[in-house]
Amino acid sequence: MEAKSLRTWPQIPLYLQIVIALVLAIVAGIGLGAGQPSPEGITLSNNLAVPCNLILKALRALATPLILLAVLHTFLTTNIPHRSSRRLAILLLTNTMVAILIGLLVANILQPGAWSGNLITPMGSSQVAGKPLDPWGLLQDMVPSSVLQPMVDNNVLQLIFVALIFGVVFRALKAEQIAKEQLDYTGLERAIGVLLEAIVRILGWVIALIPIAVFGIVAKTIAQEGFTPFKTLGAFVIAVLIALSLQAVYYLVRVQLDSWVKPSYFLREGSDALLTAFSTSSSTVTMPVTFRVLIEKIGLRESSASLGAIVGTNFNNDGTALYEAMAALFISQVLGLHLSLPQQFIVVITSIFASVGAAGIPNAGLVTMTLVFTSVNLPTQYIALLITVDWFLDRCRTAINVMGDMTVSAILDGKERQDLE
Ligand code: ASP
């Protein structure tokens with residue numbers, strides 16, 4: 001799961017490749033007509049979208065195995081003491097809910113997607129039918145008609161349901177076998193670990209192609225629609241940054257109220273982890289740094305640090321949840337569709353699940369986002385637009401994911417500073 005394996009051209013970092021692709025795409029887009037393309041310009045620029053479409057297809061295909069294996073892997077390998085599990089679950093859920101609500105609130109108030117004046121030609125947006133909220137239907141829908149159905153339908157709720165059930169059972173079997181000194185579970189544990197690594201590696205190949213996709217989609221968009229869509233994208237980036245900052249403020253308030261750690265101390269001493277998260281775009285790669293910083297610099301007990309850093313890294317991705325919800329709302333605004341409150345509720349639920357399943361690797365949020373879009377019938381091809389800014393927003397939301405884990409650790413450490421273990 002090393003970040004290094006996600007880059008195939010080690011000399012030029014991925015973000016720089018994307019920046020270069022963006023510059024070249026602007027030149028190509030202007031050359032092809034900058035909003036007033038000739039008929040040949042249209043044909044040519046349509047072909048430029050092919051790599052992006054292929055990448056989106058690959059991301060959609062990888063989403064379900066990634067989530068399934070990441071959840072099973074976490075269940076099999078992490079150690080959660082029984083007495084802390086309820087408190088931890090409540091903490092994680094509240095933080096994620098707050099993140100999503102902040103995201104939705106900011107997106108509803110700022111309406112970043114409306115800045116385009118719906119200039120982006122909706123590609124088949126007429127197919128987007130609004131689903132009314134039906135809580136019982138939602139509940140019934142959680143149980144798939146067959147175990148493999150969620151993989152076929154890319155249904156995130158059903159998938160997480162299946163993953164959680166199997167995760168709980170595997171965990172229980174493992175505990176029983178350990179008690180009887182049997183080792184049968186180790187084969188399964190290793191197989192799941194290897195499969196997860198394989199998916200992450202394949203994802204690495206797909207991600208390595210992102211600069212080409214960015215070039216194609218940006219050149220095509222500029223050629224056919226000019227620069228207006230990018231103003232909208234700029235508005236989206238600003239809106240996400242505002243929402244992530246509000247989430248950071250929420251963490252600091254919680255740290256102040258519910259732990260002995262002072263917010264300024266928390267930020268100063270924790271900065272190594274936050275900066276590592278920003279520079280690697282991966283909370284998993286950052287995890288050892290987070291763990292060390294929590295114990296050695298902030299001075300938390302090892303038990304609190306490990307729950308926040310190790311369990312949190314796997315299950316707690318508030319920045320990702322916030323981003324997924326905002327992205328769904330943004331694209332619906334771009335398409336001139338109004339996601340009703342019930343539909344936004346479905347976005348909340350699926351974003352929670354999608355963020356639980358988003359492994360802490362670069363761009364995982366982009367992968368699981370395909371499932372959030374599917375849940376409210378938003379066409380996933382619009383995620384193409386977001387690919388252009390994901391390299392930057394991924395860094396920011398990863399820093400918030402890690403800050404969320406650190407906050408949980410600080411709160412679990414309590415209001416009184418205890419002697420170090
Ligand atoms: N890169 C994020 C992380 O590692 C996941 C995401 O893509 O949202 O936490």
# chains A, B, ... in the order shown; residues from 1 in each chain; ligands from 1
>>> select_by_dssp(residues="region 108-334 of chain A", states="helix (DSSP H, G or I)", output="number ranges by chain")
A: 108-110, 112-116, 125-127, 135-142, 149-153, 156-179, 185-208, 210-225, 228-258, 263-280, 283-298, 302-315, 318-334
>>> closest_atom_pairs(of="chain A", to="ligand 1", cutoff="8 Å", atoms="only C-alpha atoms and all ligand atoms", output="tab-separated table")
residue	atom	partner	partner_atom_place_in_ligand_line	distance
A:Ala277	CA	ligand 1	4 (O)	7.6
A:Ser281	CA	ligand 1	1 (N)	4.7
A:Ser282	CA	ligand 1	4 (O)	3.3
A:Ser283	CA	ligand 1	4 (O)	3.9
A:Thr284	CA	ligand 1	4 (O)	6.0
A:Val285	CA	ligand 1	4 (O)	7.7
A:Thr313	CA	ligand 1	9 (O)	7.3
A:Asn317	CA	ligand 1	9 (O)	6.2
A:Gly319	CA	ligand 1	8 (O)	6.8
A:Thr320	CA	ligand 1	8 (O)	4.2
A:Ala321	CA	ligand 1	8 (O)	7.7
A:Tyr323	CA	ligand 1	8 (O)	7.7
A:Ser355	CA	ligand 1	8 (O)	7.4
A:Ala358	CA	ligand 1	5 (C)	6.0
A:Ala359	CA	ligand 1	5 (C)	6.2
A:Gly360	CA	ligand 1	4 (O)	3.3
A:Ile361	CA	ligand 1	4 (O)	4.0
A:Pro362	CA	ligand 1	1 (N)	3.9
A:Asn363	CA	ligand 1	7 (O)	3.7
A:Ala364	CA	ligand 1	7 (O)	3.7
A:Gly365	CA	ligand 1	7 (O)	3.5
A:Leu366	CA	ligand 1	7 (O)	6.0
A:Val367	CA	ligand 1	7 (O)	7.7
A:Asp394	CA	ligand 1	1 (N)	5.4
A:Arg395	CA	ligand 1	1 (N)	6.7
A:Arg397	CA	ligand 1	8 (O)	6.2
A:Thr398	CA	ligand 1	9 (O)	4.2
A:Ala399	CA	ligand 1	9 (O)	7.5
A:Asn401	CA	ligand 1	9 (O)	5.6
A:Val402	CA	ligand 1	9 (O)	7.1
>>> write_last_selection(atoms="C-alpha atoms", output="PDB file, in the first residue's frame")
ATOM      1  CA  ALA A 277      -1.150  13.575   5.230  1.00  0.00           C
ATOM      2  CA  SER A 281      -2.639  12.041   0.183  1.00  0.00           C
ATOM      3  CA  SER A 282      -2.805   8.849   2.155  1.00  0.00           C
ATOM      4  CA  SER A 283      -3.925   8.417   5.730  1.00  0.00           C
ATOM      5  CA  THR A 284      -2.648   4.830   5.707  1.00  0.00           C
ATOM      6  CA  VAL A 285       0.862   5.931   4.771  1.00  0.00           C
ATOM      7  CA  THR A 313      -7.438   5.420   9.828  1.00  0.00           C
ATOM      8  CA  ASN A 317     -12.701   9.384   6.972  1.00  0.00           C
ATOM      9  CA  GLY A 319     -12.944  14.622   5.106  1.00  0.00           C
ATOM     10  CA  THR A 320     -13.841  12.018   2.491  1.00  0.00           C
ATOM     11  CA  ALA A 321     -17.469  11.825   3.668  1.00  0.00           C
ATOM     12  CA  TYR A 323     -16.268  15.670   0.057  1.00  0.00           C
ATOM     13  CA  SER A 355     -16.260   6.907   3.576  1.00  0.00           C
ATOM     14  CA  ALA A 358     -12.681   4.357   1.409  1.00  0.00           C
ATOM     15  CA  ALA A 359      -9.283   2.862   2.114  1.00  0.00           C
ATOM     16  CA  GLY A 360      -6.712   5.419   3.235  1.00  0.00           C
ATOM     17  CA  ILE A 361      -4.960   5.602  -0.108  1.00  0.00           C
ATOM     18  CA  PRO A 362      -4.717   8.445  -2.640  1.00  0.00           C
ATOM     19  CA  ASN A 363      -7.902   9.094  -4.630  1.00  0.00           C
ATOM     20  CA  ALA A 364      -9.908   6.380  -2.857  1.00  0.00           C
ATOM     21  CA  GLY A 365     -12.665   8.946  -2.322  1.00  0.00           C
ATOM     22  CA  LEU A 366     -12.952   9.346  -6.059  1.00  0.00           C
ATOM     23  CA  VAL A 367     -13.431   5.608  -6.406  1.00  0.00           C
ATOM     24  CA  ASP A 394      -7.524  14.772  -1.930  1.00  0.00           C
ATOM     25  CA  ARG A 395      -4.565  16.216  -0.037  1.00  0.00           C
ATOM     26  CA  ARG A 397      -9.399  15.954   2.822  1.00  0.00           C
ATOM     27  CA  THR A 398      -6.682  13.463   3.799  1.00  0.00           C
ATOM     28  CA  ALA A 399      -5.310  16.031   6.266  1.00  0.00           C
ATOM     29  CA  ASN A 401      -9.200  12.561   7.840  1.00  0.00           C
ATOM     30  CA  VAL A 402      -6.026  12.386   9.903  1.00  0.00           C
TER      31      VAL A 402
END
>>> closest_residue(among="A:Phe345, A:Phe236, A:Phe353, A:Tyr15", to="Leu101 (chain A)", atoms="only C-alpha atoms")
A:Phe345
>>> residues_around(residues="Ala219 (chain A)", least_positions_apart="3", cutoff="9 Å", atoms="only C-alpha atoms", output="list in words")
Leu22, Leu24, Ala25, Ile26, Val27, Ala28, Gly29, Ile30, Leu32, Ala34, Ser45, Leu48, Ala49, Val214, Phe215, Gly216, Ile222, Ala223 and Gln224 of chain A
>>> residues_around(residues="region 269-272 of chain A", least_positions_apart="4", cutoff="10 Å", atoms="only C-alpha atoms", output="count of residues only")
20
>>> residues_around(residues="Ser351 (chain A)", least_positions_apart="4", cutoff="9 Å", atoms="only C-alpha atoms", output="ChimeraX atom specification")
/A:100,320-325,346-347,355-356,368-369,371-372
>>> residues_around(residues="Asn79 (chain A)", least_positions_apart="2", cutoff="12 Å", atoms="only C-alpha atoms", output="PyMOL selection string")
chain A and resi 73-77+81-85+171+174-175+303+306-312+314
>>> atom_distance(atom1="CA of Leu393 (chain A)", atom2="CA of Val237 (chain A)")
7.3 Å
